[in-house]
Each structure stands twice: as structure tokens, then as C-alpha cells.
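Enquirer: Here you go, this is structure.pdb (PDB, C-alpha atoms).
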ATOM      1  CA  MET U 976     -66.494 -30.627 -36.424
ATOM      2  CA  PRO U 977     -63.389 -31.992 -38.148
ATOM      3  CA  PRO U 978     -64.272 -32.755 -41.786
ATOM      4  CA  LEU U 979     -63.227 -36.405 -41.540
ATOM      5  CA  ILE U 980     -65.849 -37.287 -38.897
ATOM      6  CA  PRO U 981     -68.901 -37.006 -41.216
ATOM      7  CA  TRP U 982     -67.046 -39.116 -43.792
ATOM      8  CA  LEU U 983     -66.354 -41.796 -41.181
ATOM      9  CA  TRP U 984     -70.050 -41.945 -40.305
ATOM     10  CA  THR U 985     -71.081 -41.994 -43.979
ATOM     11  CA  ALA U 986     -68.716 -44.897 -44.690
ATOM     12  CA  PHE U 987     -69.988 -46.708 -41.603
ATOM     13  CA  PHE U 988     -73.668 -46.366 -42.561
ATOM     14  CA  LEU U 989     -73.006 -47.531 -46.128
ATOM     15  CA  TRP U 990     -71.030 -50.511 -44.848
ATOM     16  CA  TRP U 991     -73.817 -51.248 -42.310
ATOM     17  CA  LEU U 992     -76.442 -51.342 -45.062
ATOM     18  CA  ILE U 993     -74.360 -53.617 -47.264
ATOM     19  CA  ARG U 994     -73.591 -56.009 -44.388
ATOM     20  CA  SER U 995     -77.285 -56.323 -43.506
ATOM     21  CA  ILE U 996     -77.666 -58.518 -46.605
ATOM     22  CA  GLY U 997     -77.352 -62.256 -46.056
ATOM     23  CA  VAL U 998     -78.130 -62.553 -42.348
ATOM     24  CA  LYS U 999     -79.910 -65.614 -40.998
ATOM     25  CA  PRO U1000     -83.684 -65.724 -41.380
ATOM     26  CA  THR U1001     -85.589 -64.313 -38.423
ATOM     27  CA  ARG U1002     -87.666 -66.643 -36.261
ATOM     28  CA  VAL U1003     -89.084 -64.012 -33.864
ATOM     29  CA  ARG U1004     -88.920 -60.205 -34.139
ATOM     30  CA  GLU U1005     -90.126 -57.262 -32.117
ATOM     31  CA  SER U1006     -93.263 -55.457 -33.225
ATOM     32  CA  LEU U1007     -93.312 -52.976 -36.079
ATOM     33  CA  TRP U1008     -94.148 -50.208 -33.576
ATOM     34  CA  ALA U1009     -91.112 -51.068 -31.450
ATOM     35  CA  ARG U1010     -88.854 -51.000 -34.518
ATOM     36  CA  PHE U1011     -90.379 -47.696 -35.655
ATOM     37  CA  GLY U1012     -89.927 -46.207 -32.193
ATOM     38  CA  GLN U1013     -86.257 -47.204 -32.060
ATOM     39  CA  ALA U1014     -85.652 -45.757 -35.553
ATOM     40  CA  ALA U1015     -87.386 -42.517 -34.541
ATOM     41  CA  VAL U1016     -85.243 -42.153 -31.418
ATOM     42  CA  VAL U1017     -82.004 -42.811 -33.342
ATOM     43  CA  THR U1018     -83.109 -40.256 -35.943
ATOM     44  CA  LEU U1019     -83.829 -37.721 -33.189
ATOM     45  CA  ALA U1020     -80.358 -38.313 -31.720
ATOM     46  CA  PHE U1021     -78.766 -37.850 -35.157
ATOM     47  CA  ILE U1022     -80.686 -34.586 -35.704
ATOM     48  CA  LEU U1023     -79.693 -33.266 -32.284
ATOM     49  CA  ILE U1024     -76.035 -34.025 -32.939
ATOM     50  CA  THR U1025     -75.786 -32.715 -36.492
ATOM     51  CA  TRP U1026     -78.349 -29.902 -36.728
ATOM     52  CA  ARG U1027     -76.899 -26.424 -36.577
ATOM     53  CA  TRP U1028     -78.908 -24.656 -33.874
ATOM     54  CA  ASP U1029     -78.168 -20.996 -34.635
ATOM     55  CA  ARG U1030     -81.104 -19.578 -32.723
ATOM     56  CA  GLN U1031     -80.808 -18.469 -29.168
ATOM     57  CA  GLY U1032     -81.533 -20.943 -26.434
ATOM     58  CA  ILE U1033     -79.828 -23.761 -24.646
ATOM     59  CA  PHE U1034     -79.245 -25.840 -27.792
ATOM     60  CA  ALA U1035     -77.331 -22.980 -29.405
ATOM     61  CA  PHE U1036     -74.910 -22.906 -26.445
ATOM     62  CA  SER U1037     -71.331 -23.988 -27.270
ATOM     63  CA  PHE U1038     -69.448 -25.514 -24.374
ATOM     64  CA  LEU U1039     -66.172 -25.635 -26.365
ATOM     65  CA  SER U1040     -64.638 -22.653 -28.102
ATOM     66  CA  ASP U1041     -63.627 -22.880 -31.745
ATOM     67  CA  PRO U1042     -59.901 -22.995 -30.835
ATOM     68  CA  ALA U1043     -60.522 -25.762 -28.277
ATOM     69  CA  ARG U1044     -62.504 -27.813 -30.811
ATOM     70  CA  ALA U1045     -59.721 -27.319 -33.373
ATOM     71  CA  GLU U1046     -57.111 -28.457 -30.859
ATOM     72  CA  LEU U1047     -59.151 -31.514 -29.795
ATOM     73  CA  GLY U1048     -60.248 -32.305 -33.362
ATOM     74  CA  PRO U1049     -57.574 -34.913 -34.190
ATOM     75  CA  ALA U1050     -58.108 -36.815 -30.911
ATOM     76  CA  LEU U1051     -61.914 -36.720 -31.278
ATOM     77  CA  THR U1052     -61.607 -37.917 -34.882
ATOM     78  CA  LEU U1053     -59.418 -40.785 -33.665
ATOM     79  CA  PHE U1054     -61.946 -41.734 -30.956
ATOM     80  CA  THR U1055     -64.751 -41.603 -33.520
ATOM     81  CA  LEU U1056     -62.743 -43.948 -35.737
ATOM     82  CA  LEU U1057     -61.893 -46.280 -32.827
ATOM     83  CA  GLY U1058     -65.530 -46.452 -31.702
ATOM     84  CA  ILE U1059     -66.751 -47.184 -35.220
ATOM     85  CA  GLY U1060     -63.958 -49.732 -35.650
ATOM     86  CA  PHE U1061     -64.949 -51.508 -32.433
ATOM     87  CA  ALA U1062     -68.600 -51.619 -33.548
ATOM     88  CA  VAL U1063     -67.534 -53.015 -36.946
ATOM     89  CA  TRP U1064     -65.379 -55.679 -35.270
ATOM     90  CA  ALA U1065     -68.296 -56.697 -33.043
ATOM     91  CA  ARG U1066     -70.733 -56.745 -35.972
ATOM     92  CA  GLU U1067     -68.373 -58.885 -38.066
ATOM     93  CA  HIS U1068     -67.887 -61.227 -35.127
ATOM     94  CA  LEU U1069     -71.652 -61.792 -34.905
ATOM     95  CA  GLY U1070     -71.733 -62.803 -38.552
ATOM     96  CA  ARG U1071     -75.131 -63.952 -39.773
ATOM     97  CA  ASN U1072     -76.648 -63.785 -36.242
ATOM     98  CA  TRP U1073     -76.765 -59.967 -36.449
ATOM     99  CA  SER U1074     -79.950 -57.918 -36.783
ATOM    100  CA  ALA U1075     -80.672 -54.213 -36.479
ATOM    101  CA  GLN U1076     -83.843 -55.039 -34.553
ATOM    102  CA  VAL U1077     -84.413 -57.188 -31.499
ATOM    103  CA  THR U1078     -84.823 -60.659 -32.996
ATOM    104  CA  VAL U1079     -84.162 -64.334 -32.513
ATOM    105  CA  LYS U1080     -82.693 -65.908 -35.638
ATOM    106  CA  GLU U1081     -83.188 -69.416 -36.911
ATOM    107  CA  ASP U1082     -80.382 -71.547 -35.441
ATOM    108  CA  HIS U1083     -79.405 -68.582 -33.255
ATOM    109  CA  LYS U1084     -76.045 -68.958 -31.513
ATOM    110  CA  LEU U1085     -74.892 -67.353 -28.285
ATOM    111  CA  ILE U1086     -71.652 -65.606 -29.231
ATOM    112  CA  ARG U1087     -69.153 -65.392 -26.350
ATOM    113  CA  THR U1088     -65.893 -64.834 -28.225
ATOM    114  CA  GLY U1089     -64.061 -61.802 -29.589
ATOM    115  CA  PRO U1090     -65.447 -58.564 -28.132
ATOM    116  CA  TYR U1091     -68.396 -60.580 -26.764
ATOM    117  CA  ALA U1092     -66.050 -62.380 -24.357
ATOM    118  CA  LEU U1093     -65.926 -59.210 -22.247
ATOM    119  CA  ILE U1094     -68.974 -57.126 -23.239
ATOM    120  CA  ARG U1095     -72.513 -58.287 -24.033
ATOM    121  CA  HIS U1096     -73.291 -55.251 -26.235
ATOM    122  CA  PRO U1097     -70.008 -54.214 -27.886
ATOM    123  CA  ILE U1098     -71.698 -52.751 -30.973
ATOM    124  CA  TYR U1099     -73.509 -50.271 -28.737
ATOM    125  CA  THR U1100     -70.281 -49.602 -26.835
ATOM    126  CA  GLY U1101     -68.436 -48.752 -30.036
ATOM    127  CA  LEU U1102     -71.238 -46.581 -31.335
ATOM    128  CA  LEU U1103     -71.523 -44.734 -28.019
ATOM    129  CA  VAL U1104     -67.780 -44.008 -27.966
ATOM    130  CA  ALA U1105     -67.914 -42.758 -31.569
ATOM    131  CA  THR U1106     -71.055 -40.719 -30.924
ATOM    132  CA  LEU U1107     -69.663 -39.120 -27.778
ATOM    133  CA  ALA U1108     -66.453 -38.165 -29.606
ATOM    134  CA  SER U1109     -68.489 -36.727 -32.482
ATOM    135  CA  ALA U1110     -70.752 -34.810 -30.094
ATOM    136  CA  LEU U1111     -67.732 -33.345 -28.322
ATOM    137  CA  ALA U1112     -66.305 -32.370 -31.706
ATOM    138  CA  VAL U1113     -69.526 -30.448 -32.421
ATOM    139  CA  GLY U1114     -69.076 -28.769 -29.032
ATOM    140  CA  ARG U1115     -72.701 -27.747 -28.461
ATOM    141  CA  ILE U1116     -75.282 -28.769 -25.878
ATOM    142  CA  ASN U1117     -77.622 -30.148 -28.551
ATOM    143  CA  ALA U1118     -74.935 -32.651 -29.603
ATOM    144  CA  LEU U1119     -74.524 -33.870 -26.020
ATOM    145  CA  ALA U1120     -78.312 -34.133 -25.760
ATOM    146  CA  GLY U1121     -78.274 -36.288 -28.902
ATOM    147  CA  PHE U1122     -75.626 -38.535 -27.356
ATOM    148  CA  ALA U1123     -77.721 -38.833 -24.166
ATOM    149  CA  VAL U1124     -80.834 -39.756 -26.187
ATOM    150  CA  LEU U1125     -78.874 -42.448 -28.026
ATOM    151  CA  ALA U1126     -77.350 -43.810 -24.813
ATOM    152  CA  VAL U1127     -80.751 -44.123 -23.123
ATOM    153  CA  SER U1128     -82.207 -45.700 -26.260
ATOM    154  CA  PHE U1129     -79.388 -48.282 -26.411
ATOM    155  CA  TRP U1130     -79.857 -49.031 -22.715
ATOM    156  CA  PHE U1131     -83.547 -49.861 -23.156
ATOM    157  CA  LYS U1132     -82.966 -51.809 -26.370
ATOM    158  CA  SER U1133     -80.135 -53.818 -24.804
ATOM    159  CA  ARG U1134     -82.304 -54.698 -21.807
ATOM    160  CA  LYS U1135     -84.965 -56.041 -24.162
ATOM    161  CA  GLU U1136     -82.322 -58.029 -26.066
ATOM    162  CA  GLU U1137     -81.119 -59.516 -22.796
ATOM    163  CA  ARG U1138     -84.623 -60.644 -21.847
ATOM    164  CA  TRP U1139     -84.992 -62.313 -25.246
ATOM    165  CA  MET U1140     -81.564 -63.979 -25.053
ATOM    166  CA  GLU U1141     -82.304 -65.207 -21.538
ATOM    167  CA  GLY U1142     -85.533 -66.705 -22.848
ATOM    168  CA  GLU U1143     -83.680 -68.338 -25.727
ATOM    169  CA  PHE U1144     -80.545 -69.587 -23.932
ATOM    170  CA  GLY U1145     -81.654 -69.821 -20.273
ATOM    171  CA  ALA U1146     -78.888 -70.719 -17.820
ATOM    172  CA  ALA U1147     -76.184 -70.363 -20.484
ATOM    173  CA  TYR U1148     -77.083 -66.685 -20.868
ATOM    174  CA  ASP U1149     -77.220 -66.203 -17.111
ATOM    175  CA  ASP U1150     -73.695 -67.673 -16.864
ATOM    176  CA  TYR U1151     -72.563 -65.366 -19.664
ATOM    177  CA  ARG U1152     -73.947 -62.358 -17.785
ATOM    178  CA  LYS U1153     -71.865 -63.283 -14.736
ATOM    179  CA  VAL U1154     -68.572 -62.992 -16.638
ATOM    180  CA  SER U1155     -69.310 -60.128 -19.047
ATOM    181  CA  GLY U1156     -70.221 -56.488 -18.639
ATOM    182  CA  HIS U1157     -73.193 -54.736 -20.167
ATOM    183  CA  PHE U1158     -71.458 -51.917 -22.123
ATOM    184  CA  LEU U1159     -68.027 -52.117 -20.459
ATOM    185  CA  PRO U1160     -65.962 -55.107 -19.295
ATOM    186  CA  ARG U1161     -66.616 -56.302 -15.772
ATOM    187  CA  VAL U1162     -63.992 -55.304 -13.229
ATOM    188  CA  VAL U1163     -64.959 -58.154 -10.896
ATOM    189  CA  ARG U1164     -65.958 -61.433 -12.490
ATOM    190  CA  GLY U1165     -68.538 -63.866 -11.195
ATOM    191  CA  GLY U1166     -71.748 -63.760  -9.141
TER
END
Show me this structure written as C-alpha cells.
Expert:
Amino acid sequence: MPPLIPWLWTAFFLWWLIRSIGVKPTRVRESLWARFGQAAVVTLAFILITWRWDRQGIFAFSFLSDPARAELGPALTLFTLLGIGFAVWAREHLGRNWSAQVTVKEDHKLIRTGPYALIRHPIYTGLLVATLASALAVGRINALAGFAVLAVSFWFKSRKEERWMEGEFGAAYDDYRKVSGHFLPRVVRGG
């Protein structure tokens, strides 16, 4: 893995922790078990991506040679940076409405501007792009498995968020869904 990629992730996680201060108070939150389960799955994905599996077996299999990883390293570092940057932009655009867990905030607003004009879950989109680039930079099956675990986890979490937002905003959220994509922009708008 190019040496800059771990530094990008470290800076992102530190920034993420600092920005979690000062969000709106929570009115409704998911259960402690649901939050623990999500944290455990994200941790599993992180371990799969970063752990050096030197033993024999499928996780020790490299699908990219060292020269190929070295050649792709700058592009994969750039895509990691772009994905993290997109997630940061989306997080900043949410402002005080943001939460790491599935919640409804006091005076919660439906954000439909910035990256949210096109994508309902742009933070997840950015993190998935960055994670995929990082997993490719690792070049082993375990890293791709970690990406897959994270993608499935984000899918289930985003579906829960959508149910909660539909309950909170009703028809306004349904209208928003018609013009925005889940993780990627819609190609065809409307019904």
C-alpha cells in the first residue's frame, strides 16, 4: 500500500472525531445493540483490509503483483483522497444534523443541497470509493472482502436511515427519493 494512504485515513478519523462535537441533540436513536453491531462490522472490515494475512489460504492470495500495485499506487492514493474528500464535503454539508448512528435530531432538517441534491447517502459513497481504492492498493483478497463487508453494512444502515427519514419527513422524503440516487446519482429522474 502506498505510504500516504494510511496517513489519509488517520487524518480522516481524527477529523471525524473532532467534528462529532457540537452536533444537535438526539431525539430518537437506534438501540445500543444496533450501534454495537454496526461498530463491530466496520471494525471487521477494517481488520480485513489492513491485516497482513501471511498464512496460506484464500486471504493470503494477492490479485495484484507488487509491480502492478506500485504502478497503480498514485492513482489509488488519489481515489482514496477523492473519496475521503467527498465524504468530508457531505459531512460538512450536513452540519449539526450529522450523527454516526441512525438518529433523528431535535429540529432535524431534510438536507437536499450540495452532494445531497444528487445522492441520499454521499458520505457512504465517498467512504466506499476511498475504501475500494485502499483495498485495491493492498491488492489481496482479504482487502476486497473487507470492502464487501463495509459495502453491505452501509447498504443495510442506509436502508434503516431511509425508513427513519420517511417516518420523519413523509411525502417530502418520498419526493426526495424520486430525484436522488441511493449511493450514485440517478440517471433517470422522477417516478
Enquirer: For Trp990 of chain U, list every protein, DNA or RNA residue within 12 Å, evaluated using all atoms listed in the file, and leave out those in the same chain fewer than 6 positions away; present the list as a list of chain:residue names.
Expert: U:Leu983, U:Trp984, U:Ile996, U:Ile1059, U:Gly1060, U:Ala1062, U:Val1063, U:Arg1066, U:Glu1067
Enquirer: Would you please work out which residue, of U:Phe1036, U:Asp1149, U:Phe1122, U:Ser1133, is nearest to Thr1018 of chain U when using only C-alpha atoms?
Expert: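 Closest to Thr1018 of chain U of all the choices is U:Phe1122.
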Enquirer: Give the answer as one residue: which of U:Ser1128, U:Ser1109, U:Ser995, U:Ser1155 has the shortest atom-to-atom distance to Leu1053 of chain U, using only C-alpha atoms?
Expert: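 Using only C-alpha atoms, the shortest distance to Leu1053 of chain U belongs to U:Ser1109.
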Enquirer: Please provide the set of residues having any atom within 8 Å of segment 1101-1108 of chain U, restricted to all atoms listed in the file, with same-chain residues fewer than 4 positions apart removed, written as a VMD selection string.
Expert: chain U and resid 1051 to 1052 1054 to 1062 1097 1112 1119 1122 1125 to 1126
Enquirer: Under the rule that only C-alpha atoms are counted, which of U:Pro1160, U:Gly1145, U:Pro977, U:Gly1012 is the nearest residue to Gly1048 of chain U?
Expert: U:Pro977
Enquirer: Which is closer to Ser1037 of chain U than all the others in U:Ala1147, U:Ile1022, U:Ala1118, U:Val1017, using all atoms listed in the file?
Expert: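 So, comparing all the options, the nearest one is U:Ala1118.
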